[in-house]
Structure formats: structure tokens, C-alpha cells
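Data first, discussion second: the structure below is written as C-alpha cells.
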Amino acid sequence: MRVIYMCINLLVSILSLTRGSELDYDSSLHLRLWHAFNDEPEPAFIERGNITVSSVRSGASAIGQNGLLQSHIGQLKNLAKYDGKYRLHVVARTSSGNEVTFLTSIPACYLLGSDLEDLITIWLDSTAEPIAVSVSSPGPCSIQTPFTNMWTTNVIIKYPDGGPTPDTATYIQKLEREREARERGEAKDNRSFLARYWIYVVPALIFVVLTAAANPEAGAAGGSAQR
């Protein structure tokens, strides 16, 4: 039982260290943003700005973006009028030099309703590499002209959720109860008759077969006498 307890504790320690390494890993990330205000199959992207995340662990970031021209706001209102989507093209470059491209979108009316406030969420894997980027906005949905032409953007970094921690205390208590029940003879044996007593049945069958094979003449003589 002590060996089992030590093995379970070792497993929990390994899982804890693995989760800790995910949160402790740190690096930087640079995002270049382009956006499109047309609802065509081929979006016409123009530069919006960039985001520099100096620490993915703390989420510290610096944002530089261009304000919208009146023509852009007019296009955004036209999108919202016909339930169109504002599309965002993101190129993420990691500190290791890798580049990954993402495409995300949001109903244009939510950006107008929130006066150009949006949230850019960057999803990272356990090695701090980006695996997804999404844009969202608190809304509400509107087709009215916003009060400003400047973006109010927040950036959030998210890691994948770690798995649940094993309930070692409950498992060990269960093992202890089973052991005590076996010692008191309270544990029920739900096995079949053969599964419980095969060690006695099999030798008996072997003995019968060997005895019959060793005395074939006795069986033949008995048959002759009956005739």
C-alpha cells in the first residue's frame, strides 16, 4: 500500500510540474493587423496597426493603430446595414521567428454599437506558440455613427486549460477500505463456480482422464461380462 501511495504522489507531482511549466514559459509576440470593410468574397485588406506582446506570461502589450477615415466608417455602416462582417487579418510572429496567419471576423454592427471597442484574444499552446486569434466586441448591435474614429482595443492572452488534478486522497481511502474488507472476509466474491474452484476441479478431471487411459482392458472386460 505504501508503494502505491508513493507512485500516485509521484504522478501528481509530474502533472503539477507540467502545468507549472506551461504558465512559467515566457516569450514575446508581435502581431500585424489588416482589416477589410467590403463584403466581397475577396476581402480588400488595408493596414490597421500592430500589437507587441512583450511578455506572454504577464500579457503586457503595446498597441499602435490607425484611426478610421470617414470613408471607412461609411463602409462599416454599410456592412452593418446589411448584416455584413468586419474581417481582420492577423500575422503573428513569435520570438523564435515563426510566422502564423489568422483570419477572424465579427458582425460590423457590434463595432458601431461599442464605438469601435474590441477585444483581441490570442490563444497559445504549451510552448507559447499562437494557435488562434479571435476578435470580439461588447456591442450592442447598431448602425449609428460611432462617437469616435479611434479604436479602443484590449488584448488578452489565453493558455489551454490544464487537466483536472487526480483525487488521490479518495482513491487511497478506497484502496484501504477494500483491503480491510478482504482481511475481515466481508468482500463478496462474484466469480463463477469454475472461476473460484478451478484449482480443485482441473486436477480431478485430469486424474479421471489419466485413470481411464491407463485401464482400457478393465473397461472392455466389464463390457464382455454384461453380454
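Chain lettering (A, B, ...) mirrors the order of the C-alpha cells, residue numbering begins at 1 for each chain separately, and ligand numbering begins at 1 in order of display.
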**Asked** Tell me, which residues of stretch 16-156 of chain A carry DSSP strand (DSSP E), written as number ranges by chain?
**Response** A: 29-36, 46-55, 60-65, 85-94, 99-107, 117-124, 130-136, 152-156
**Asked** Can you list, as a PyMOL selection string, every protein, DNA or RNA residue that comes within 7 Å of stretch 61-75 of chain A when you count only C-alpha atoms, leaving out same-chain residues fewer than 6 positions away?
**Response** chain A and resi 37+48-54+149-151
**Nearest-residue call for A:Gly113, choices A:Leu88, A:Ile157, A:Ile143, A:Val135, using only C-alpha atoms** =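 The answer is A:Ile143, which sits nearest to A:Gly113.
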**Request:** Excluding A:Ser28 and residues on its chain fewer than 5 positions from it, collect all residues at most 12 Å away from it, counting only C-alpha atoms, and give them as a list of chain:residue names.
**Result:**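 Contacts, in chain order: A:Ile51, A:Thr52, A:Val53, A:Ser54, A:Ser55, A:Val56, A:Arg57, A:Ser58, A:Gly59, A:Ala60, A:Ser61, A:Ala62, A:Ala92, A:Arg93, A:Thr94, A:Ser95, A:Ser96, A:Gly97, A:Asn98, A:Leu124, A:Thr127, A:Ala128, A:Glu129, A:Pro130, A:Ile157.
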**Item:** Residue list (alpha helix (DSSP H), DSSP) for stretch 52-135 of chain A, as number ranges by chain
**Value:** A: 70-81, 108-113
Only N, CA and C atoms, please: the residues just picked out, written as a PDB file, in the first residue's frame.
ATOM      1  N   GLN A  70     -13.342  58.800 -42.579  1.00  0.00           N
ATOM      2  CA  GLN A  70     -14.794  58.872 -42.710  1.00  0.00           C
ATOM      3  C   GLN A  70     -15.306  57.888 -43.751  1.00  0.00           C
ATOM      4  N   SER A  71     -14.516  57.658 -44.781  1.00  0.00           N
ATOM      5  CA  SER A  71     -14.922  56.679 -45.795  1.00  0.00           C
ATOM      6  C   SER A  71     -14.979  55.276 -45.201  1.00  0.00           C
ATOM      7  N   HIS A  72     -14.038  54.968 -44.286  1.00  0.00           N
ATOM      8  CA  HIS A  72     -14.040  53.656 -43.631  1.00  0.00           C
ATOM      9  C   HIS A  72     -15.276  53.500 -42.748  1.00  0.00           C
ATOM     10  N   ILE A  73     -15.623  54.558 -42.020  1.00  0.00           N
ATOM     11  CA  ILE A  73     -16.803  54.496 -41.157  1.00  0.00           C
ATOM     12  C   ILE A  73     -18.062  54.316 -42.005  1.00  0.00           C
ATOM     13  N   GLY A  74     -18.098  54.984 -43.153  1.00  0.00           N
ATOM     14  CA  GLY A  74     -19.234  54.804 -44.050  1.00  0.00           C
ATOM     15  C   GLY A  74     -19.334  53.368 -44.546  1.00  0.00           C
ATOM     16  N   GLN A  75     -18.196  52.775 -44.877  1.00  0.00           N
ATOM     17  CA  GLN A  75     -18.194  51.377 -45.313  1.00  0.00           C
ATOM     18  C   GLN A  75     -18.611  50.447 -44.178  1.00  0.00           C
ATOM     19  N   LEU A  76     -18.168  50.765 -42.950  1.00  0.00           N
ATOM     20  CA  LEU A  76     -18.536  49.949 -41.795  1.00  0.00           C
ATOM     21  C   LEU A  76     -20.036  50.026 -41.538  1.00  0.00           C
ATOM     22  N   LYS A  77     -20.612  51.214 -41.687  1.00  0.00           N
ATOM     23  CA  LYS A  77     -22.060  51.376 -41.507  1.00  0.00           C
ATOM     24  C   LYS A  77     -22.825  50.627 -42.600  1.00  0.00           C
ATOM     25  N   ASN A  78     -22.283  50.617 -43.804  1.00  0.00           N
ATOM     26  CA  ASN A  78     -22.931  49.890 -44.892  1.00  0.00           C
ATOM     27  C   ASN A  78     -22.908  48.384 -44.626  1.00  0.00           C
ATOM     28  N   LEU A  79     -21.789  47.906 -44.095  1.00  0.00           N
ATOM     29  CA  LEU A  79     -21.708  46.492 -43.701  1.00  0.00           C
ATOM     30  C   LEU A  79     -22.752  46.169 -42.645  1.00  0.00           C
ATOM     31  N   ALA A  80     -22.852  47.037 -41.620  1.00  0.00           N
ATOM     32  CA  ALA A  80     -23.795  46.792 -40.532  1.00  0.00           C
ATOM     33  C   ALA A  80     -25.237  46.814 -41.029  1.00  0.00           C
ATOM     34  N   LYS A  81     -25.515  47.667 -41.982  1.00  0.00           N
ATOM     35  CA  LYS A  81     -26.875  47.783 -42.510  1.00  0.00           C
ATOM     36  C   LYS A  81     -27.353  46.487 -43.147  1.00  0.00           C
ATOM     37  N   ALA A 108     -20.309  43.706 -38.136  1.00  0.00           N
ATOM     38  CA  ALA A 108     -19.896  45.116 -38.118  1.00  0.00           C
ATOM     39  C   ALA A 108     -20.725  45.952 -37.159  1.00  0.00           C
ATOM     40  N   CYS A 109     -21.992  45.580 -36.968  1.00  0.00           N
ATOM     41  CA  CYS A 109     -22.873  46.392 -36.117  1.00  0.00           C
ATOM     42  C   CYS A 109     -22.399  46.434 -34.661  1.00  0.00           C
ATOM     43  N   TYR A 110     -21.697  45.389 -34.208  1.00  0.00           N
ATOM     44  CA  TYR A 110     -21.211  45.381 -32.821  1.00  0.00           C
ATOM     45  C   TYR A 110     -20.100  46.408 -32.620  1.00  0.00           C
ATOM     46  N   LEU A 111     -19.282  46.611 -33.626  1.00  0.00           N
ATOM     47  CA  LEU A 111     -18.221  47.620 -33.520  1.00  0.00           C
ATOM     48  C   LEU A 111     -18.815  49.025 -33.475  1.00  0.00           C
ATOM     49  N   LEU A 112     -19.880  49.262 -34.262  1.00  0.00           N
ATOM     50  CA  LEU A 112     -20.523  50.569 -34.224  1.00  0.00           C
ATOM     51  C   LEU A 112     -21.215  50.797 -32.886  1.00  0.00           C
ATOM     52  N   GLY A 113     -21.869  49.768 -32.374  1.00  0.00           N
ATOM     53  CA  GLY A 113     -22.586  49.893 -31.106  1.00  0.00           C
ATOM     54  C   GLY A 113     -21.674  50.104 -29.914  1.00  0.00           C
TER      55      GLY A 113
END
**Message:** Given only C-alpha atoms as the basis, pick out the residue of A:Ile46, A:Val208, A:Leu116, A:Val155 nearest to A:Ser137.
**Reply:**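 Of the candidates, the smallest distance to A:Ser137 is held by A:Leu116.
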**Coordinates-based distance that separates atom CA of A:Ser126 from atom CA of A:Trp34 (Å, one decimal)** =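 Atom-to-atom, atom CA of A:Trp34 and atom CA of A:Ser126 are spaced 27.0 Å apart.
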With a distance cut-off of 10 Å and only C-alpha atoms, select the neighbouring residues of A:Thr121, excluding the residue or stretch itself and same-chain residues fewer than 6 positions from it, and output the selection as a short mmCIF file (atom, residue, chain, number, x, y, z; two decimals) with all heavy atoms, in the first residue's frame.
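Contents of around24.cif, as written:
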data_model
loop_
_atom_site.label_atom_id
_atom_site.label_comp_id
_atom_site.auth_asym_id
_atom_site.auth_seq_id
_atom_site.Cartn_x
_atom_site.Cartn_y
_atom_site.Cartn_z
N ALA A 132 -4.44 30.40 -32.28
CA ALA A 132 -5.68 31.02 -32.74
C ALA A 132 -5.70 32.48 -32.29
O ALA A 132 -5.12 32.83 -31.26
CB ALA A 132 -6.90 30.29 -32.20
N VAL A 133 -6.36 33.31 -33.10
CA VAL A 133 -6.59 34.71 -32.76
C VAL A 133 -8.04 35.03 -33.11
O VAL A 133 -8.51 34.68 -34.20
CB VAL A 133 -5.65 35.66 -33.53
CG1 VAL A 133 -5.99 37.12 -33.22
CG2 VAL A 133 -4.19 35.39 -33.18
N SER A 134 -8.75 35.66 -32.19
CA SER A 134 -10.16 36.00 -32.44
C SER A 134 -10.43 37.43 -32.02
O SER A 134 -9.76 37.99 -31.14
CB SER A 134 -11.08 35.05 -31.66
OG SER A 134 -10.88 35.19 -30.26
N VAL A 135 -11.41 38.05 -32.68
CA VAL A 135 -11.83 39.41 -32.34
C VAL A 135 -13.28 39.36 -31.88
O VAL A 135 -14.10 38.63 -32.44
CB VAL A 135 -11.66 40.36 -33.55
CG1 VAL A 135 -12.50 39.92 -34.73
CG2 VAL A 135 -11.98 41.79 -33.15
N SER A 136 -13.59 40.14 -30.87
CA SER A 136 -14.95 40.23 -30.34
C SER A 136 -15.20 41.67 -29.89
O SER A 136 -14.28 42.48 -29.79
CB SER A 136 -15.17 39.25 -29.18
OG SER A 136 -14.26 39.51 -28.14
N ASN A 154 -8.45 46.04 -26.50
CA ASN A 154 -7.85 45.30 -25.39
C ASN A 154 -7.32 43.97 -25.92
O ASN A 154 -7.91 43.37 -26.82
CB ASN A 154 -8.88 45.04 -24.29
CG ASN A 154 -9.38 46.33 -23.67
OD1 ASN A 154 -8.60 47.13 -23.16
ND2 ASN A 154 -10.69 46.56 -23.73
N VAL A 155 -6.23 43.53 -25.33
CA VAL A 155 -5.58 42.28 -25.75
C VAL A 155 -5.55 41.33 -24.56
O VAL A 155 -5.20 41.74 -23.44
CB VAL A 155 -4.15 42.53 -26.27
CG1 VAL A 155 -3.47 41.20 -26.62
CG2 VAL A 155 -4.19 43.45 -27.48
N ILE A 156 -5.91 40.10 -24.80
CA ILE A 156 -5.86 39.09 -23.73
C ILE A 156 -5.15 37.85 -24.25
O ILE A 156 -5.34 37.45 -25.41
CB ILE A 156 -7.29 38.75 -23.23
CG1 ILE A 156 -7.22 37.76 -22.07
CG2 ILE A 156 -8.15 38.18 -24.35
CD1 ILE A 156 -8.56 37.55 -21.38
N ILE A 157 -4.32 37.27 -23.41
CA ILE A 157 -3.57 36.06 -23.74
C ILE A 157 -4.20 34.90 -22.99
O ILE A 157 -4.45 34.99 -21.78
CB ILE A 157 -2.08 36.17 -23.34
CG1 ILE A 157 -1.45 37.42 -23.98
CG2 ILE A 157 -1.33 34.91 -23.75
CD1 ILE A 157 -1.35 37.37 -25.47
N LYS A 158 -4.44 33.80 -23.69
CA LYS A 158 -5.03 32.62 -23.05
C LYS A 158 -4.21 31.38 -23.36
O LYS A 158 -3.77 31.18 -24.48
CB LYS A 158 -6.48 32.43 -23.50
CG LYS A 158 -7.45 33.42 -22.88
CD LYS A 158 -8.88 32.98 -23.06
CE LYS A 158 -9.85 33.88 -22.32
NZ LYS A 158 -11.26 33.40 -22.44
#
**Asked** To one decimal place, how far is atom CA of A:Ser114 from atom CA of A:Gly139 in Å?
**Response**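 Straight-line distance from atom CA of A:Ser114 to atom CA of A:Gly139 works out to 4.7 Å.
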**Prompt:** To one decimal place, how far is atom CA of A:Thr101 from atom CA of A:Glu117 in Å?
**Reply:**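 Here the two named atoms are 22.8 Å from each other.
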